[in-house]
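Student: Following this message is one structure expressed as structure tokens.
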Amino acid sequence: MNTPAKEKLVVIGNGMAGINTLEQILKLTDRFEITVFGSEPHPNYNRIMLSYVLEGSKTIDDIVINDWSWYEENGITLHTGVTVTRIDTENKAVITDGGHTQSYDKLLIATGSNSLMLPIPGSDREGVVGFRDIADCNQMLDAAKEYKTAAVIGGGLLGLEAAKGLVGLGMDVTVVHLMEDLMERQLDRQASAMLKTELERQGIKFAMGKSTAEMQGDHRVRKLVFTDGEELDAEFVVMAVGIRPNKQLGEVSGIQTNRGILVDDFMRTSAPDVYSVGECAEHRGICYGLVAPLFEQGNILAKHISGAETAGYAGSITSTKLKISGVDVFSAGEFIEGPQHTVISAKDEWKRTYKKVLLDNGRIVGAVLFGDVTESASLQKYVREGTEMNDEIYGDLMGTGSGCCGGGKSKTAAVEKMADDEIVCGCKGVTKKVIVDVITEKGLTTVDEIKACTGATGSCGGCKPVVEQILSFVLGDGFKKTVKTGICACTPLSRQEIVAGIKEKGLRTTKEVMNVLEWHNPEGCSKCRPAVNYYLGVIYPGEHKDEKESRFVNERMNANIQKDGSYTVVPRMYGGVTTPEDLKKIADVSVKYNVKAVKVTGGQRLDLIGVQKEDLPKVWEELDMPSGYAYAKSLRTVKTCVGNQYCRFGTQDSMGVGAMLERKFERLDFPAKFKMAVNGCPRNCAESCTKDIGIVGNDGGWEIFVGGNGGIKARLADSLCKVKTDQELTDTIAAVMQYYRETGNYLERTSEWVERIGLDEIRSRTVENEESRRALVASIEHALTFVEDPWKQVLNDKKTRSELFETAQPAVPQA
């Protein structure tokens, strides 16, 4: 029987709206062959979280929603850095800026919106940017390194987040806002004033009621001139005055547009089999800029396009629940009182909270919350349904009801009344029903566990109070806010408990571990799967079959993926030393496979940047050099100085020892990446003080240092001990490595491990206690017999060691 060919679904736009729609489609059907085009060189990420990247609390990787492997695992062809310029609706094909043509059966336009850039004279100068994507974010990060003064034009959400981020980067920042109130489209005057006071306390300055007439400077902006004649020094300007639906593709393709691309209740455009969702779409005269409505649209479209029964999209009653620079705010419906309104309000200056509810003819029509948004779920429902105010609701909302602490009753009662399809987490499009289902079906008891399963609370965190209320409602008396934390939200078990369970029950695979030890999420997550795979490998060296599917994508590909989807290849150079023959091979391969750049790394190696995925096997084959494991949780490099072979200050053979140690311990798995350095004298040219293990030569032998780190959390290494011979050196290093392998938490660097375990305990187990030391060395030697290491013998004889270093053939890179 022939399997029917899949329909071709093409998605234009790799943002939150389009990819969330795809996620919903994938849950309903596998009938589509899916291709995605994204103009940015990144996988799907959360734009809402860019401000967290700016302030330094998150990295770009942290805000990725669906990483590169997600597309691969779901059979989705992803084209990043590619812009679709035209849709041929008659022949059902899209044409890209590179001239590529892709046919479709169904097409989804999710091109989002662009930053609105005001046509202010001088705004074309260098140093003026919007705040919409990662490229804008990177420009802001770069500017903060060089310039001191910044202006942010716009006192809405984006402007305030940009300002807070720049302040966190050390810049002197002034927000320039045309109106007298911040966020005047979401907050009333009282809440706006409280927000301004709080942000001033955090270091942001404000120029309210100001209109910019001109941006002055040379090639770069240097100051703003306002219409009232006042001036403001600014070497960097962020324009955050709003967004404009990106409808251009629809216009040039003959699809009907107005303010955005026109769609009906099933998100259909005027062209056959062409749909649109998100900020680029206009439904019943409205273009939505908030996340929740975009996910509601995607949910309707996913059902419709998959053949599931669904009502059409009737529009959204918008509410705003945001965390602005650490301050929670919420508004829904009408928030500026008029003569027709009855106003109920409460302000607490001590706790910096404010609450206002508006009634029209006795019905709740709007609300504003500042500082405490725990009532947001209740108020959102009341506003949407036009609920009539009564004494019970009043008492619950204003803290005078009979429930626990005056408000406990209403919180769970409001959650009980929430519709199943009501979106709780706007960032991820997670509904109440999804949360209730994972709690009841998987036995979840914490917000972190819900986050691991659904993504809710994992972005801005604004929905956490409502998720807690749902959890409390479902669990009743069994709900506890604080419970034991495991290695991730999938399990409450710690590393020690997991390792003990594996040994006690004889578990052999990741699936077995998660099943027998009763993981909440039976599939695990990107945190626990690699960790369990690692623990199994340490417990059963030579017996555990490495589970490639549990490895990170870089480890599966034996190369580091880059933001444009290409890879970097790093061959091994033992001790930072190579031969002219190997250099020639690197050059020949780089030219043949059009490598974009060859960079000298900090670990004394060469990095081939820009290798295409399909070329990776051939590149490794033609290099015929061992992998440098630049992608792995293993020994990366052993950095060396030239030592006594060449340096007039050198007292020890640092190059020979470094190469020997690197050959001995390469390919051995560790909890995290592992770096070493060997210095031939105390001048520290190889920077041993910032390595996981640092070795410094002196006239009497070697001094060993542990726990150094030169990365995000910089730490100088601690002196562990001094040894006299190469054999003592190797045995001590082996003992430290194995003790770290056995006791380190997965992804825990030695800098953190030393502080957690304690230097005295490490010294006792690896140096002072001879029995413990011998056992650790024996364990690591046993593990080394299974990694095909050709350098098993550690020789003190310098002549023999040098011969090994100079004549050895390289090992074959990992397949």
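Identifiers in the structure tokens: chain A, B, ... in order shown; residue index from 1 per chain; ligand index from 1 in order shown.
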Could you list, as a list in words, every residue within 7 Å of Ser319 of chain A, counting only C-alpha atoms and ignoring same-chain residues fewer than 6 positions away?
Tutor: Ser331, Ala332 and Gly333 of chain A
Student: One decimal, Å: what's the distance from atom CA of Gln652 of chain A over to atom CA of Ser688 of chain A, could you say?
Tutor: 14.4 Å
Student: Please provide the set of residues having any atom within 6 Å of segment 38-53 of chain A, restricted to only C-alpha atoms, with same-chain residues fewer than 4 positions apart removed, written as an NGL selection string.
Tutor: :A and (13-15 or 57-59 or 63-67 or 80-83 or 161 or 165 or 563-564)
Student: So how far away is atom CA of Lys633 of chain A from atom CA of Gly697 of chain A, in Å?
Tutor: 27.2 Å
Student: Please, which residues of segment 575-648 of chain A, numbered as in this document, come out alpha helix (DSSP H) from DSSP, as a list in words?
Tutor: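 Assigned to alpha helix (DSSP H), within segment 575-648 of chain A: Pro580, Glu581, Asp582, Leu583, Lys584, Lys585, Ile586, Ala587, Asp588, Val589, Ser590, Val591, Lys592, Leu616, Pro617, Lys618, Val619, Trp620, Glu621, Glu622 and Leu623 of chain A.
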Student: Figure out the distance between atom CA of Gln297 of chain A and atom CA of Ala110 of chain A, please, to one decimal in Å.
Tutor: 11.2 Å
Student: Please, which residues of segment 64-114 of chain A, numbered as in this document, come out strand (DSSP E) from DSSP, as a list in words?
Tutor: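 Taking segment 64-114 of chain A and keeping strand (DSSP E) only, one gets Val64, Ile65, Asn66, Thr77, Leu78, His79, Thr80, Val84, Thr85, Arg86, Ile87, Asp88, Ala93, Val94, Ile95, Thr96, Thr101, Gln102, Ser103, Lys106, Leu107, Leu108, Ile109, Ser113 and Asn114 of chain A.
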Student: Could you name the residues that touch Tyr288 of chain A at 9 Å or less, counting only C-alpha atoms, but leaving out those on the same chain fewer than 3 positions away, as a ChimeraX atom specification?
Tutor: /A:278-283,291,293-294,316,318
Student: Identify which of the residues A:Leu471, A:Leu108, A:Ala677, A:Ile76 lies closest to Leu301 of chain A, counting only C-alpha atoms when measuring atom-to-atom distances.
Tutor: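 That would be A:Leu108, the residue with the smallest distance to Leu301 of chain A.
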Student: Lys613 of chain A: which residues within 10 Å, counting only C-alpha atoms, same-chain residues fewer than 3 positions away excluded, as a ChimeraX atom specification?
Tutor: /A:557,559,561,565-568,610,616-617
Student: Choose the residue, out of A:Lys92, A:Thr269, A:Thr690, A:Val241, that has the smallest atom-to-atom separation from Gln256 of chain A; count only C-alpha atoms.
Tutor: A:Thr269
Student: Nearest to Glu385 of chain A among A:Leu720, A:Val357, A:Met418, A:Ala597, with distances taken over only C-alpha atoms: which residue is it?
Tutor: A:Met418
Student: Smallest atom-to-atom distance to Arg648 of chain A: which of A:Ala144, A:Val619, A:Ala489, A:Cys681, using only C-alpha atoms?
Tutor: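 Answer, going by the shortest atom-to-atom distance: A:Cys681.
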Student: With only C-alpha atoms as the atoms that count, which of A:Arg31, A:Trp702, A:Gly506, A:Lys210 lies nearest to Pro4 of chain A?
Tutor: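 Answer, going by the shortest atom-to-atom distance: A:Arg31.
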Student: Find the residues near Tyr147 of chain A: any atom within 12 Å, counting only C-alpha atoms, skip ones fewer than 4 places away on the same chain, and give them as a PyMOL selection string.
Tutor: chain A and resi 127+139-143+151+166+169-173+220-222+233-237
Student: Contacts of Thr374 of chain A at 7 Å or less, counting only C-alpha atoms, minus same-chain residues fewer than 2 places along, as a list in words?
Tutor: Asp372, Ser376, Pro465 and Val466 of chain A
Student: Please tabulate, as a Markdown table, the residues of segment 301-345 of chain A that come within 12 Å of segment 22-28 of chain A, each with its closest pair of atoms and the distance in Å to one decimal, counting only C-alpha atoms and ordering rows by chain, then residue number upward.
Tutor:
```
| residue | atom | partner | partner_atom | distance |
| --- | --- | --- | --- | --- |
| A:Leu301 | CA | A:Ile25 | CA | 8.5 |
| A:Ala302 | CA | A:Ile25 | CA | 4.9 |
| A:Lys303 | CA | A:Ile25 | CA | 7.1 |
| A:His304 | CA | A:Ile25 | CA | 9.4 |
| A:Ile305 | CA | A:Ile25 | CA | 7.9 |
| A:Ser306 | CA | A:Leu28 | CA | 6.6 |
| A:Gly307 | CA | A:Leu28 | CA | 8.9 |
| A:Ala308 | CA | A:Leu28 | CA | 8.0 |
| A:Glu309 | CA | A:Leu28 | CA | 11.4 |
```
Student: Filtering to C-alpha atoms, could you give me those residues as an mmCIF file, in the first residue's frame?
Tutor:
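Now in out33.cif:
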```cif
data_model
loop_
_atom_site.group_PDB
_atom_site.id
_atom_site.type_symbol
_atom_site.label_atom_id
_atom_site.label_comp_id
_atom_site.auth_asym_id
_atom_site.auth_seq_id
_atom_site.Cartn_x
_atom_site.Cartn_y
_atom_site.Cartn_z
ATOM 1 C CA LEU A 301 -5.540 28.035 12.387
ATOM 2 C CA ALA A 302 -3.818 24.813 13.523
ATOM 3 C CA LYS A 303 -7.155 23.113 14.059
ATOM 4 C CA HIS A 304 -8.615 24.440 10.811
ATOM 5 C CA ILE A 305 -5.633 23.498 8.654
ATOM 6 C CA SER A 306 -5.400 20.042 10.284
ATOM 7 C CA GLY A 307 -9.062 19.277 9.653
ATOM 8 C CA ALA A 308 -10.122 19.432 13.315
ATOM 9 C CA GLU A 309 -13.435 21.007 14.214
#
```
